[in-house]
2 protein chains.
Amino acid sequence: MSTTITKAFILIEALAESHEPQSISDLVRRTEFTKSNIHFLLSALRENGYVEQDAATRRYFLTLKLWEMGTRVLGRLELRRIASPYLASLADTTSETVNLAILDHHEVLYLHKIDSPMPVQAYTPEGQRAPAYCTSTGKAMLAYQPAEQIRQIARMIERHTDRTVSNATELTNELRKIRNRGYSVNRGEWRSSVRGVAAPIMNGAGEVIAAVGVFGPAERLSARKLDQLAITVKITGSSISRALGYPG
Amino acid sequence: MSTTITKAFILIEALAESHEPQSISDLVRRTEFTKSNIHFLLSALRENGYVEQDAATRRYFLTLKLWEMGTRVLGRLELRRIASPYLASLADTTSETVNLAILDHHEVLYLHKIDSPMPVQAYTPEGQRAPAYCTSTGKAMLAYQPAEQIRQIARMIERHTDRTVSNATELTNELRKIRNRGYSVNRGEWRSSVRGVAAPIMNGAGEVIAAVGVFGPAERLSARKLDQLAITVKITGSSISRALGYPG
DNA sequence: AAGTATCGTTCTATTATTTCGAACAGAAAT
DNA sequence: ATTTCTGTTCGAAATAATAGAACGATACTT
(Lines give C-alpha, C1' and ligand atoms only; values in the text may rest on other atoms or scores of the structure.)
Protein backbone atom coordinates (compact mmCIF):
# COMPACT_ATOMS: atom_id res chain seq x y z
CA MET A 1 0.00 0.00 0.00
CA SER A 2 3.02 2.27 0.03
CA THR A 3 3.35 4.38 -3.05
CA THR A 4 6.75 5.93 -2.43
CA ILE A 5 8.64 2.70 -1.86
CA THR A 6 6.93 1.04 -4.80
CA LYS A 7 7.81 3.99 -7.00
CA ALA A 8 11.43 3.76 -5.90
CA PHE A 9 11.57 0.12 -6.95
CA ILE A 10 9.86 0.82 -10.25
CA LEU A 11 12.67 3.26 -10.94
CA ILE A 12 15.32 0.79 -9.87
CA GLU A 13 13.82 -1.87 -12.10
CA ALA A 14 13.61 0.55 -15.01
CA LEU A 15 17.28 1.40 -14.55
CA ALA A 16 18.20 -2.28 -14.22
CA GLU A 17 16.44 -3.10 -17.49
CA SER A 18 18.04 -0.34 -19.48
CA HIS A 19 21.47 -0.83 -20.92
CA GLU A 20 22.38 2.84 -20.94
CA PRO A 21 22.23 5.45 -18.19
CA GLN A 22 18.79 7.05 -18.23
CA SER A 23 17.84 10.69 -18.24
CA ILE A 24 14.98 11.89 -16.08
CA SER A 25 12.93 12.45 -19.22
CA ASP A 26 13.57 8.87 -20.31
CA LEU A 27 12.21 7.72 -16.99
CA VAL A 28 9.21 10.05 -17.26
CA ARG A 29 8.28 8.33 -20.52
CA ARG A 30 8.73 4.88 -19.03
CA THR A 31 7.00 5.37 -15.71
CA GLU A 32 4.61 8.26 -16.28
CA PHE A 33 5.68 9.76 -12.97
CA THR A 34 6.15 13.50 -12.80
CA LYS A 35 9.51 14.95 -13.72
CA SER A 36 9.97 16.52 -10.30
CA ASN A 37 8.80 13.35 -8.61
CA ILE A 38 11.43 11.27 -10.38
CA HIS A 39 14.03 13.84 -9.48
CA PHE A 40 13.01 13.51 -5.86
CA LEU A 41 13.04 9.70 -5.91
CA LEU A 42 16.42 9.52 -7.64
CA SER A 43 17.89 11.90 -5.07
CA ALA A 44 16.79 9.53 -2.34
CA LEU A 45 18.33 6.56 -4.16
CA ARG A 46 21.51 8.52 -4.73
CA GLU A 47 21.79 9.44 -1.06
CA ASN A 48 21.56 5.78 -0.21
CA GLY A 49 24.28 4.87 -2.69
CA TYR A 50 22.19 2.82 -5.09
CA VAL A 51 22.20 5.32 -7.94
CA GLU A 52 24.76 7.67 -9.39
CA GLN A 53 24.58 10.47 -11.87
CA ASP A 54 26.96 10.93 -14.76
CA ALA A 55 28.41 14.38 -14.19
CA ALA A 56 28.62 15.18 -17.91
CA THR A 57 25.37 13.77 -19.32
CA ARG A 58 23.31 14.15 -16.11
CA ARG A 59 21.98 10.67 -16.67
CA TYR A 60 21.35 8.27 -13.82
CA PHE A 61 22.51 4.69 -13.45
CA LEU A 62 22.61 1.97 -10.79
CA THR A 63 25.79 1.48 -8.80
CA LEU A 64 27.15 -1.92 -7.77
CA LYS A 65 25.61 -1.55 -4.32
CA LEU A 66 22.50 -3.39 -5.41
CA TRP A 67 24.67 -6.28 -6.54
CA GLU A 68 26.65 -6.22 -3.31
CA MET A 69 23.50 -6.47 -1.24
CA GLY A 70 22.24 -9.20 -3.54
CA THR A 71 25.35 -11.31 -3.11
CA ARG A 72 24.72 -11.33 0.64
CA VAL A 73 21.36 -12.93 0.02
CA LEU A 74 22.85 -15.52 -2.29
CA GLY A 75 25.78 -16.18 0.03
CA ARG A 76 23.39 -17.30 2.71
CA LEU A 77 21.77 -19.88 0.43
CA GLU A 78 22.69 -23.26 1.87
CA LEU A 79 21.99 -24.95 -1.46
CA ARG A 80 24.57 -22.93 -3.32
CA ARG A 81 27.22 -23.26 -0.66
CA ILE A 82 26.84 -27.01 -0.44
CA ALA A 83 26.58 -27.57 -4.18
CA SER A 84 29.56 -25.38 -5.14
CA PRO A 85 32.39 -27.92 -4.74
CA TYR A 86 30.41 -30.58 -6.59
CA LEU A 87 29.79 -28.17 -9.44
CA ALA A 88 33.47 -27.23 -9.55
CA SER A 89 34.48 -30.85 -9.81
CA LEU A 90 31.85 -31.50 -12.47
CA ALA A 91 33.14 -28.55 -14.47
CA ASP A 92 36.66 -29.85 -14.12
CA THR A 93 35.91 -33.37 -15.34
CA THR A 94 33.57 -32.40 -18.20
CA SER A 95 35.28 -29.21 -19.41
CA GLU A 96 31.87 -27.88 -20.32
CA THR A 97 29.80 -25.14 -18.70
CA VAL A 98 28.05 -26.24 -15.53
CA ASN A 99 25.09 -24.59 -13.86
CA LEU A 100 22.80 -24.79 -10.87
CA ALA A 101 19.17 -23.72 -11.16
CA ILE A 102 16.03 -23.50 -9.07
CA LEU A 103 12.41 -23.50 -10.20
CA ASP A 104 10.30 -20.38 -9.72
CA HIS A 105 6.78 -20.99 -11.01
CA HIS A 106 7.21 -21.67 -14.73
CA GLU A 107 10.76 -20.39 -14.97
CA VAL A 108 14.22 -21.59 -14.03
CA LEU A 109 16.50 -19.17 -12.24
CA TYR A 110 20.21 -19.76 -12.72
CA LEU A 111 21.96 -19.55 -9.36
CA HIS A 112 25.46 -20.48 -10.32
CA LYS A 113 27.48 -21.02 -13.44
CA ILE A 114 30.99 -22.26 -13.98
CA ASP A 115 32.22 -21.37 -17.44
CA SER A 116 33.82 -23.91 -19.67
CA PRO A 117 37.47 -23.27 -20.41
CA MET A 118 36.70 -24.07 -24.05
CA PRO A 119 36.65 -21.16 -26.49
CA VAL A 120 33.01 -21.31 -27.64
CA GLN A 121 30.74 -20.72 -24.72
CA ALA A 122 27.00 -20.90 -24.52
CA TYR A 123 25.60 -17.69 -23.11
CA THR A 124 23.43 -17.97 -19.99
CA PRO A 125 24.54 -15.72 -17.16
CA GLU A 126 23.80 -16.12 -13.48
CA GLY A 127 20.68 -14.42 -12.23
CA GLN A 128 18.88 -14.92 -15.54
CA ARG A 129 15.65 -16.76 -16.13
CA ALA A 130 14.42 -19.07 -18.85
CA PRO A 131 11.17 -20.99 -19.45
CA ALA A 132 11.39 -24.26 -17.51
CA TYR A 133 9.81 -26.55 -20.13
CA CYS A 134 12.54 -25.95 -22.71
CA THR A 135 15.71 -26.20 -20.66
CA SER A 136 17.36 -29.32 -19.32
CA THR A 137 17.49 -28.08 -15.72
CA GLY A 138 13.90 -26.88 -15.92
CA LYS A 139 12.60 -30.21 -17.21
CA ALA A 140 14.59 -32.11 -14.58
CA MET A 141 12.69 -30.19 -11.90
CA LEU A 142 9.30 -30.17 -13.62
CA ALA A 143 9.40 -33.96 -13.81
CA TYR A 144 8.89 -34.10 -10.06
CA GLN A 145 6.26 -31.38 -9.64
CA PRO A 146 2.56 -31.98 -8.98
CA ALA A 147 0.39 -32.69 -12.02
CA GLU A 148 -1.63 -29.52 -11.51
CA GLN A 149 1.46 -27.34 -11.90
CA ILE A 150 2.46 -29.18 -15.07
CA ARG A 151 -1.01 -28.63 -16.51
CA GLN A 152 -0.76 -24.91 -15.84
CA ILE A 153 2.63 -24.71 -17.49
CA ALA A 154 1.50 -26.76 -20.47
CA ARG A 155 -1.11 -24.10 -21.15
CA MET A 156 1.54 -21.46 -21.69
CA ILE A 157 3.81 -23.39 -24.04
CA GLU A 158 5.40 -21.29 -26.74
CA ARG A 159 7.73 -22.58 -29.42
CA HIS A 160 11.17 -21.07 -29.31
CA THR A 161 12.86 -23.39 -31.79
CA ASP A 162 11.63 -26.28 -33.93
CA ARG A 163 12.65 -28.71 -31.19
CA THR A 164 10.65 -27.07 -28.40
CA VAL A 165 8.04 -29.29 -26.79
CA SER A 166 4.82 -28.18 -28.42
CA ASN A 167 1.89 -29.52 -26.43
CA ALA A 168 0.74 -30.93 -23.11
CA THR A 169 0.92 -34.64 -23.98
CA GLU A 170 4.37 -34.27 -25.44
CA LEU A 171 5.48 -32.57 -22.24
CA THR A 172 3.91 -35.23 -20.03
CA ASN A 173 5.62 -38.00 -21.99
CA GLU A 174 8.93 -36.19 -21.85
CA LEU A 175 8.64 -35.76 -18.09
CA ARG A 176 7.78 -39.44 -17.61
CA LYS A 177 10.87 -40.38 -19.57
CA ILE A 178 12.94 -38.10 -17.35
CA ARG A 179 11.60 -39.72 -14.20
CA ASN A 180 12.50 -43.16 -15.59
CA ARG A 181 16.04 -42.21 -16.55
CA GLY A 182 16.73 -39.81 -13.70
CA TYR A 183 18.07 -37.11 -16.00
CA SER A 184 16.83 -34.73 -18.69
CA VAL A 185 18.18 -33.79 -22.10
CA ASN A 186 17.75 -30.60 -24.07
CA ARG A 187 18.63 -30.67 -27.77
CA GLY A 188 18.23 -27.07 -28.82
CA GLU A 189 14.73 -26.51 -27.44
CA TRP A 190 15.46 -23.00 -26.17
CA ARG A 191 18.36 -21.81 -28.29
CA SER A 192 18.72 -24.10 -31.28
CA SER A 193 22.51 -24.35 -31.04
CA VAL A 194 22.64 -25.13 -27.32
CA ARG A 195 22.36 -28.62 -25.88
CA GLY A 196 22.55 -29.88 -22.34
CA VAL A 197 21.77 -32.54 -19.77
CA ALA A 198 20.58 -32.07 -16.20
CA ALA A 199 19.68 -34.02 -13.08
CA PRO A 200 17.38 -33.15 -10.16
CA ILE A 201 18.58 -32.28 -6.65
CA MET A 202 16.53 -33.38 -3.64
CA ASN A 203 16.55 -31.97 -0.14
CA GLY A 204 16.27 -33.90 3.12
CA ALA A 205 12.49 -34.06 2.75
CA GLY A 206 12.81 -35.68 -0.67
CA GLU A 207 11.49 -32.63 -2.52
CA VAL A 208 13.14 -31.64 -5.79
CA ILE A 209 14.40 -28.14 -5.06
CA ALA A 210 17.03 -27.59 -7.72
CA ALA A 211 18.83 -29.11 -10.68
CA VAL A 212 22.40 -29.36 -11.85
CA GLY A 213 23.16 -29.20 -15.56
CA VAL A 214 25.93 -29.25 -18.12
CA PHE A 215 25.52 -27.48 -21.41
CA GLY A 216 27.42 -26.31 -24.43
CA PRO A 217 27.33 -25.72 -28.18
CA ALA A 218 25.56 -28.37 -30.26
CA GLU A 219 28.57 -29.03 -32.45
CA ARG A 220 30.56 -30.21 -29.43
CA LEU A 221 27.74 -32.22 -27.84
CA SER A 222 26.79 -35.19 -30.00
CA ALA A 223 24.11 -37.63 -28.88
CA ARG A 224 26.83 -39.97 -27.69
CA LYS A 225 28.61 -37.25 -25.79
CA LEU A 226 25.33 -36.26 -24.12
CA ASP A 227 24.81 -39.86 -23.00
CA GLN A 228 28.24 -39.87 -21.41
CA LEU A 229 27.64 -36.55 -19.69
CA ALA A 230 24.28 -37.76 -18.39
CA ILE A 231 25.95 -40.39 -16.23
CA THR A 232 28.29 -37.88 -14.61
CA VAL A 233 25.60 -35.27 -14.14
CA LYS A 234 23.26 -37.79 -12.56
CA ILE A 235 25.96 -38.79 -10.08
CA THR A 236 26.65 -35.15 -9.25
CA GLY A 237 22.93 -34.59 -8.68
CA SER A 238 22.67 -37.45 -6.21
CA SER A 239 25.90 -36.46 -4.47
CA ILE A 240 24.53 -32.96 -3.85
CA SER A 241 21.19 -34.43 -2.76
CA ARG A 242 22.96 -36.62 -0.22
CA ALA A 243 25.00 -33.65 1.00
CA LEU A 244 21.66 -31.92 1.59
CA GLY A 245 20.44 -34.80 3.72
CA TYR A 246 18.51 -36.78 1.14
CA PRO A 247 18.61 -40.41 2.27
CA GLY A 248 18.44 -42.02 -1.21
CA MET B 1 15.93 14.03 1.89
CA SER B 2 13.43 11.22 1.68
CA THR B 3 12.74 9.39 4.88
CA THR B 4 10.55 6.56 3.64
CA ILE B 5 12.87 5.33 0.93
CA THR B 6 15.89 5.62 3.21
CA LYS B 7 14.07 3.66 5.89
CA ALA B 8 13.20 0.96 3.39
CA PHE B 9 16.87 0.57 2.49
CA ILE B 10 17.93 0.57 6.12
CA LEU B 11 15.60 -2.39 6.58
CA ILE B 12 16.92 -4.12 3.49
CA GLU B 13 20.46 -3.66 4.67
CA ALA B 14 19.60 -4.91 8.14
CA LEU B 15 18.05 -8.02 6.59
CA ALA B 16 21.04 -8.49 4.29
CA GLU B 17 23.45 -8.36 7.20
CA SER B 18 21.59 -10.85 9.33
CA HIS B 19 22.07 -14.52 8.76
CA GLU B 20 18.67 -15.55 10.06
CA PRO B 21 15.18 -14.31 9.17
CA GLN B 22 14.34 -11.36 11.37
CA SER B 23 11.26 -10.72 13.45
CA ILE B 24 9.75 -7.27 13.53
CA SER B 25 10.92 -6.93 17.13
CA ASP B 26 14.48 -7.78 16.08
CA LEU B 27 14.30 -4.99 13.54
CA VAL B 28 12.83 -2.57 16.07
CA ARG B 29 15.91 -3.14 18.22
CA ARG B 30 18.27 -2.66 15.30
CA THR B 31 16.70 0.35 13.67
CA GLU B 32 14.76 2.06 16.47
CA PHE B 33 11.85 2.53 14.09
CA THR B 34 8.38 1.97 15.47
CA LYS B 35 6.92 -1.52 15.40
CA SER B 36 3.99 -0.44 13.29
CA ASN B 37 6.25 1.56 11.02
CA ILE B 38 8.44 -1.46 10.31
CA HIS B 39 5.34 -3.50 9.66
CA PHE B 40 4.27 -0.92 7.12
CA LEU B 41 7.65 -0.77 5.42
CA LEU B 42 8.01 -4.55 5.25
CA SER B 43 4.56 -4.83 3.68
CA ALA B 44 5.70 -2.48 0.95
CA LEU B 45 8.84 -4.51 0.36
CA ARG B 46 6.83 -7.71 0.34
CA GLU B 47 4.40 -6.34 -2.23
CA ASN B 48 7.33 -5.56 -4.46
CA GLY B 49 8.76 -9.05 -4.09
CA TYR B 50 11.95 -8.17 -2.25
CA VAL B 51 10.94 -9.61 1.09
CA GLU B 52 9.05 -12.68 2.20
CA GLN B 53 7.64 -13.80 5.48
CA ASP B 54 8.08 -17.24 6.96
CA ALA B 55 4.52 -18.45 7.45
CA ALA B 56 5.35 -20.35 10.65
CA THR B 57 7.73 -18.04 12.49
CA ARG B 58 6.38 -14.77 11.01
CA ARG B 59 9.91 -13.67 10.46
CA TYR B 60 10.96 -11.70 7.40
CA PHE B 61 13.80 -12.36 4.99
CA LEU B 62 15.07 -11.09 1.64
CA THR B 63 14.16 -12.99 -1.49
CA LEU B 64 16.53 -13.55 -4.40
CA LYS B 65 14.98 -10.64 -6.29
CA LEU B 66 17.58 -8.25 -4.94
CA TRP B 67 20.29 -10.54 -6.29
CA GLU B 68 18.53 -10.86 -9.62
CA MET B 69 18.39 -7.10 -10.02
CA GLY B 70 21.99 -6.85 -8.92
CA THR B 71 23.20 -9.31 -11.53
CA ARG B 72 21.72 -7.04 -14.20
CA VAL B 73 23.95 -4.25 -13.01
CA LEU B 74 27.00 -6.49 -12.99
CA GLY B 75 26.15 -7.98 -16.35
CA ARG B 76 26.40 -4.59 -17.95
CA LEU B 77 29.91 -4.00 -16.63
CA GLU B 78 32.17 -3.96 -19.65
CA LEU B 79 35.20 -4.74 -17.51
CA ARG B 80 33.82 -8.00 -16.25
CA ARG B 81 32.56 -9.13 -19.62
CA ILE B 82 35.88 -8.46 -21.31
CA ALA B 83 38.01 -9.88 -18.51
CA SER B 84 36.02 -13.12 -18.08
CA PRO B 85 37.67 -15.28 -20.75
CA TYR B 86 41.15 -14.19 -19.64
CA LEU B 87 40.30 -15.07 -16.06
CA ALA B 88 38.97 -18.45 -17.12
CA SER B 89 42.14 -19.24 -18.98
CA LEU B 90 44.28 -18.06 -16.05
CA ALA B 91 42.30 -20.31 -13.71
CA ASP B 92 42.76 -23.18 -16.10
CA THR B 93 46.54 -22.85 -16.38
CA THR B 94 47.24 -22.13 -12.69
CA SER B 95 44.65 -24.41 -11.05
CA GLU B 96 44.37 -21.85 -8.27
CA THR B 97 41.56 -19.46 -7.44
CA VAL B 98 41.44 -16.39 -9.67
CA ASN B 99 39.72 -13.11 -8.97
CA LEU B 100 38.97 -9.71 -10.42
CA ALA B 101 38.69 -6.68 -8.15
CA ILE B 102 38.10 -2.97 -8.34
CA LEU B 103 39.13 -0.24 -5.90
CA ASP B 104 36.47 1.65 -3.98
CA HIS B 105 38.09 4.24 -1.73
CA HIS B 106 40.22 2.23 0.70
CA GLU B 107 38.64 -1.13 -0.05
CA VAL B 108 38.78 -3.71 -2.81
CA LEU B 109 35.51 -5.07 -4.12
CA TYR B 110 35.67 -8.56 -5.61
CA LEU B 111 33.78 -8.61 -8.88
CA HIS B 112 34.48 -12.11 -10.06
CA LYS B 113 35.99 -15.27 -8.71
CA ILE B 114 36.80 -18.57 -10.35
CA ASP B 115 37.30 -21.27 -7.77
CA SER B 116 40.28 -23.55 -7.85
CA PRO B 117 39.45 -27.18 -8.57
CA MET B 118 41.83 -28.08 -5.73
CA PRO B 119 40.25 -29.32 -2.49
CA VAL B 120 41.48 -26.59 -0.09
CA GLN B 121 40.04 -23.28 -1.13
CA ALA B 122 40.68 -19.84 0.24
CA TYR B 123 37.42 -18.17 1.13
CA THR B 124 36.68 -14.81 -0.49
CA PRO B 125 33.31 -14.65 -2.17
CA GLU B 126 32.20 -12.32 -4.92
CA GLY B 127 30.62 -9.09 -3.77
CA GLN B 128 32.75 -8.94 -0.65
CA ARG B 129 35.14 -6.20 0.38
CA ALA B 130 38.57 -6.22 2.01
CA PRO B 131 41.04 -3.49 3.01
CA ALA B 132 43.08 -2.59 -0.06
CA TYR B 133 46.48 -2.23 1.63
CA CYS B 134 46.64 -5.85 2.76
CA THR B 135 45.49 -7.75 -0.32
CA SER B 136 47.44 -8.41 -3.48
CA THR B 137 44.77 -6.98 -5.79
CA GLY B 138 44.36 -3.94 -3.56
CA LYS B 139 48.06 -3.15 -3.48
CA ALA B 140 48.34 -3.62 -7.25
CA MET B 141 45.77 -0.85 -7.68
CA LEU B 142 47.01 1.41 -4.88
CA ALA B 143 50.47 1.44 -6.46
CA TYR B 144 49.05 3.61 -9.23
CA GLN B 145 46.85 5.97 -7.22
CA PRO B 146 47.68 9.61 -6.42
CA ALA B 147 49.93 10.20 -3.41
CA GLU B 148 47.19 12.01 -1.53
CA GLN B 149 44.95 8.96 -1.58
CA ILE B 150 47.80 6.76 -0.34
CA ARG B 151 48.44 9.16 2.52
CA GLN B 152 44.80 9.00 3.55
CA ILE B 153 44.80 5.23 3.48
CA ALA B 154 48.09 5.03 5.40
CA ARG B 155 46.39 6.87 8.22
CA MET B 156 43.86 4.09 8.69
CA ILE B 157 46.23 1.15 8.70
CA GLU B 158 45.28 -1.64 11.07
CA ARG B 159 47.22 -4.81 11.58
CA HIS B 160 45.31 -7.94 10.71
CA THR B 161 48.19 -10.41 10.89
CA ASP B 162 51.88 -10.08 11.79
CA ARG B 163 52.71 -9.60 8.12
CA THR B 164 50.37 -6.69 7.52
CA VAL B 165 52.05 -3.48 6.39
CA SER B 166 52.23 -1.42 9.56
CA ASN B 167 53.03 2.18 8.67
CA ALA B 168 53.05 4.78 5.91
CA THR B 169 56.69 4.48 4.82
CA GLU B 170 56.45 0.70 4.68
CA LEU B 171 53.39 1.05 2.46
CA THR B 172 55.06 3.63 0.21
CA ASN B 173 58.12 1.38 -0.25
CA GLU B 174 55.94 -1.63 -0.97
CA LEU B 175 53.99 0.31 -3.59
CA ARG B 176 57.19 1.53 -5.25
CA LYS B 177 58.40 -2.05 -5.46
CA ILE B 178 55.11 -3.04 -7.05
CA ARG B 179 55.40 -0.31 -9.68
CA ASN B 180 58.92 -1.51 -10.52
CA ARG B 181 57.96 -5.16 -10.86
CA GLY B 182 54.50 -4.63 -12.32
CA TYR B 183 52.86 -7.03 -9.88
CA SER B 184 52.08 -7.30 -6.18
CA VAL B 185 52.49 -10.10 -3.66
CA ASN B 186 50.56 -10.81 -0.50
CA ARG B 187 52.06 -13.26 2.00
CA GLY B 188 49.38 -13.61 4.62
CA GLU B 189 48.81 -9.92 5.25
CA TRP B 190 45.05 -10.20 5.54
CA ARG B 191 44.43 -13.82 6.49
CA SER B 192 47.69 -15.35 7.64
CA SER B 193 47.25 -18.57 5.71
CA VAL B 194 46.32 -16.96 2.40
CA ARG B 195 48.86 -15.84 -0.18
CA GLY B 196 48.45 -14.34 -3.60
CA VAL B 197 49.84 -12.31 -6.46
CA ALA B 198 48.09 -9.68 -8.54
CA ALA B 199 48.63 -7.34 -11.47
CA PRO B 200 46.95 -4.05 -12.37
CA ILE B 201 44.50 -3.57 -15.25
CA MET B 202 44.52 -0.34 -17.22
CA ASN B 203 41.75 1.16 -19.34
CA GLY B 204 42.12 2.98 -22.64
CA ALA B 205 43.02 6.21 -20.82
CA GLY B 206 45.86 4.48 -18.98
CA GLU B 207 44.13 4.62 -15.60
CA VAL B 208 44.39 1.60 -13.31
CA ILE B 209 40.77 0.59 -12.86
CA ALA B 210 41.01 -2.99 -11.65
CA ALA B 211 43.33 -5.82 -10.79
CA VAL B 212 43.53 -9.51 -11.51
CA GLY B 213 44.88 -11.87 -8.87
CA VAL B 214 45.57 -15.48 -8.07
CA PHE B 215 45.47 -16.71 -4.51
CA GLY B 216 45.42 -19.84 -2.43
CA PRO B 217 46.51 -21.51 0.79
CA ALA B 218 50.03 -20.68 1.99
CA GLU B 219 51.10 -24.34 2.09
CA ARG B 220 50.55 -24.64 -1.63
CA LEU B 221 52.08 -21.28 -2.57
CA SER B 222 55.80 -21.23 -1.81
CA ALA B 223 57.92 -18.18 -2.62
CA ARG B 224 59.08 -19.92 -5.78
CA LYS B 225 55.55 -20.81 -6.80
CA LEU B 226 54.47 -17.20 -6.26
CA ASP B 227 57.27 -16.01 -8.52
CA GLN B 228 56.09 -18.35 -11.25
CA LEU B 229 52.48 -17.25 -10.85
CA ALA B 230 53.52 -13.60 -10.95
CA ILE B 231 54.69 -13.94 -14.55
CA THR B 232 51.39 -15.46 -15.69
CA VAL B 233 49.27 -13.00 -13.74
CA LYS B 234 51.20 -10.05 -15.10
CA ILE B 235 50.64 -11.27 -18.65
CA THR B 236 46.94 -11.75 -17.96
CA GLY B 237 46.75 -8.21 -16.57
CA SER B 238 48.29 -6.69 -19.65
CA SER B 239 46.16 -8.84 -21.96
CA ILE B 240 43.00 -7.57 -20.30
CA SER B 241 44.35 -4.01 -20.38
CA ARG B 242 44.97 -4.31 -24.11
CA ALA B 243 41.47 -5.74 -24.60
CA LEU B 244 40.18 -2.62 -22.86
CA GLY B 245 42.02 -0.39 -25.29
CA TYR B 246 45.19 0.30 -23.34
CA PRO B 247 47.93 0.95 -25.90
CA GLY B 248 50.87 -0.43 -23.79
C1' DA C 1 23.28 33.09 -35.88
C1' DA C 2 18.89 33.46 -34.01
C1' DG C 3 15.25 31.05 -32.44
C1' DT C 4 12.96 27.14 -30.56
C1' DA C 5 12.49 23.00 -28.12
C1' DT C 6 14.04 20.07 -24.50
C1' DC C 7 16.49 19.26 -20.57
C1' DG C 8 17.43 19.02 -15.25
C1' DT C 9 16.72 21.49 -11.25
C1' DT C 10 14.58 24.55 -7.66
C1' DC C 11 10.70 26.35 -5.28
C1' DT C 12 6.20 26.46 -2.76
C1' DA C 13 1.52 25.11 -1.71
C1' DT C 14 -1.47 21.34 -1.34
C1' DT C 15 -2.53 16.83 -0.58
C1' DA C 16 -2.04 12.33 0.26
C1' DT C 17 0.88 9.37 2.62
C1' DT C 18 3.40 7.92 6.22
C1' DT C 19 3.79 7.69 11.03
C1' DC C 20 2.52 6.70 15.80
C1' DG C 21 0.31 4.92 19.90
C1' DA C 22 -3.23 2.43 21.65
C1' DA C 23 -5.72 -1.74 21.55
C1' DC C 24 -6.06 -6.54 20.07
C1' DA C 25 -5.37 -11.46 19.84
C1' DG C 26 -2.28 -15.20 19.78
C1' DA C 27 2.01 -17.60 21.32
C1' DA C 28 5.57 -18.43 24.52
C1' DA C 29 7.47 -18.31 28.86
C1' DT C 30 7.02 -18.16 33.78
C1' DA D 1 -3.08 -19.54 35.29
C1' DT D 2 -0.73 -15.42 34.63
C1' DT D 3 2.47 -12.62 32.68
C1' DT D 4 5.20 -11.11 28.95
C1' DC D 5 6.33 -11.49 24.80
C1' DT D 6 4.82 -11.52 19.91
C1' DG D 7 2.63 -9.46 15.02
C1' DT D 8 -1.19 -7.10 13.33
C1' DT D 9 -5.05 -3.64 12.82
C1' DC D 10 -7.01 0.87 13.35
C1' DG D 11 -7.72 5.85 13.20
C1' DA D 12 -6.00 10.43 14.07
C1' DA D 13 -2.27 13.44 13.49
C1' DA D 14 1.83 15.08 11.52
C1' DT D 15 4.70 15.51 7.92
C1' DA D 16 6.78 14.04 4.00
C1' DA D 17 5.86 13.30 -0.86
C1' DT D 18 3.84 15.36 -4.82
C1' DA D 19 2.65 18.43 -8.81
C1' DG D 20 3.10 22.42 -11.48
C1' DA D 21 5.07 26.57 -12.65
C1' DA D 22 9.31 28.98 -13.46
C1' DC D 23 14.28 28.99 -14.07
C1' DG D 24 18.58 28.64 -16.70
C1' DA D 25 21.31 25.77 -19.47
C1' DT D 26 21.98 22.96 -23.21
C1' DA D 27 20.82 21.00 -27.65
C1' DC D 28 18.51 21.25 -31.83
C1' DT D 29 16.41 23.79 -36.26
C1' DT D 30 16.05 26.95 -39.45
# chains A, B, ... in the order shown; residues from 1 in each chain; ligands from 1
>>> residues_around(residues="C:DA27", least_positions_apart="5", cutoff="12 Å", atoms="only C-alpha atoms (C1' of nucleotides)", output="list of chain:residue names")
B:Ala56, B:Thr57, B:Arg58, D:DT4, D:DC5, D:DT6, D:DG7
>>> write_last_selection(atoms="N, CA and C atoms (P, O5', C5', C4', C3', O3' and C1' of nucleotides)", output="tab-separated table (two decimals), in the first residue's frame")
chain	number	residue	atom	x	y	z
B	56	ALA	N	5.37	-19.78	9.29
B	56	ALA	CA	5.35	-20.35	10.65
B	56	ALA	C	5.88	-19.38	11.69
B	57	THR	N	7.08	-18.86	11.47
B	57	THR	CA	7.73	-18.04	12.49
B	57	THR	C	7.37	-16.57	12.37
B	58	ARG	N	6.75	-16.17	11.27
B	58	ARG	CA	6.38	-14.77	11.01
B	58	ARG	C	7.59	-13.86	10.84
D	4	DT	P	4.75	-9.03	33.69
D	4	DT	O5'	5.40	-9.39	32.28
D	4	DT	C5'	6.42	-10.40	32.20
D	4	DT	C4'	6.60	-10.80	30.75
D	4	DT	C3'	6.80	-9.61	29.79
D	4	DT	O3'	7.94	-9.85	29.01
D	4	DT	C1'	5.20	-11.11	28.95
D	5	DC	P	8.85	-8.57	28.58
D	5	DC	O5'	9.30	-9.05	27.12
D	5	DC	C5'	8.35	-8.92	26.09
D	5	DC	C4'	8.21	-10.22	25.36
D	5	DC	C3'	7.96	-10.03	23.87
D	5	DC	O3'	9.21	-10.08	23.20
D	5	DC	C1'	6.33	-11.49	24.80
D	6	DT	P	9.41	-9.21	21.90
D	6	DT	O5'	8.93	-10.17	20.75
D	6	DT	C5'	7.74	-9.82	20.10
D	6	DT	C4'	7.08	-11.04	19.52
D	6	DT	C3'	6.31	-10.68	18.27
D	6	DT	O3'	7.08	-11.08	17.16
D	6	DT	C1'	4.82	-11.52	19.91
D	7	DG	P	7.37	-10.00	16.05
D	7	DG	O5'	6.04	-10.00	15.17
D	7	DG	C5'	5.56	-11.25	14.68
D	7	DG	C4'	4.13	-11.09	14.23
D	7	DG	C3'	3.94	-10.05	13.12
D	7	DG	O3'	3.06	-10.59	12.14
D	7	DG	C1'	2.63	-9.46	15.02
>>> interface_residues(of="chain B", to="chain D", cutoff="12 Å", atoms="only C-alpha atoms (C1' of nucleotides)", output="list in words")
Met1, Ser2, Thr3, Thr4, Ile5, Ser23, Ile24, Ser25, Asp26, Lys35, Ser36, Asn37, Ile38, His39, Phe40, Ser43, Gln53, Ala55, Thr57, Arg58, Arg59 and Tyr60 of chain B
>>> select_by_dssp(residues="stretch 50-226 of chain A", states="alpha helix (DSSP H)", output="PyMOL selection string")
chain A and resi 65-75+78-94+136-142+147-154+168-181+223-226
>>> select_by_dssp(residues="stretch 63-193 of chain B", states="strand (DSSP E or B)", output="PyMOL selection string")
chain B and resi 97-104+107-114+129-131+184-187
>>> closest_residue(among="A:Thr135, A:Gln149, A:Thr6, A:Thr169", to="chain B", atoms="only C-alpha atoms")
A:Thr6
>>> closest_atom_pairs(of="chain C", to="chain B", cutoff="10 Å", atoms="only C-alpha atoms (C1' of nucleotides)", output="CSV")
residue,atom,partner,partner_atom,distance
C:DT18,C1',B:Thr4,CA,7.7
C:DT19,C1',B:Asn37,CA,6.6
C:DC20,C1',B:Thr34,CA,7.5
C:DG21,C1',B:Ser36,CA,9.3
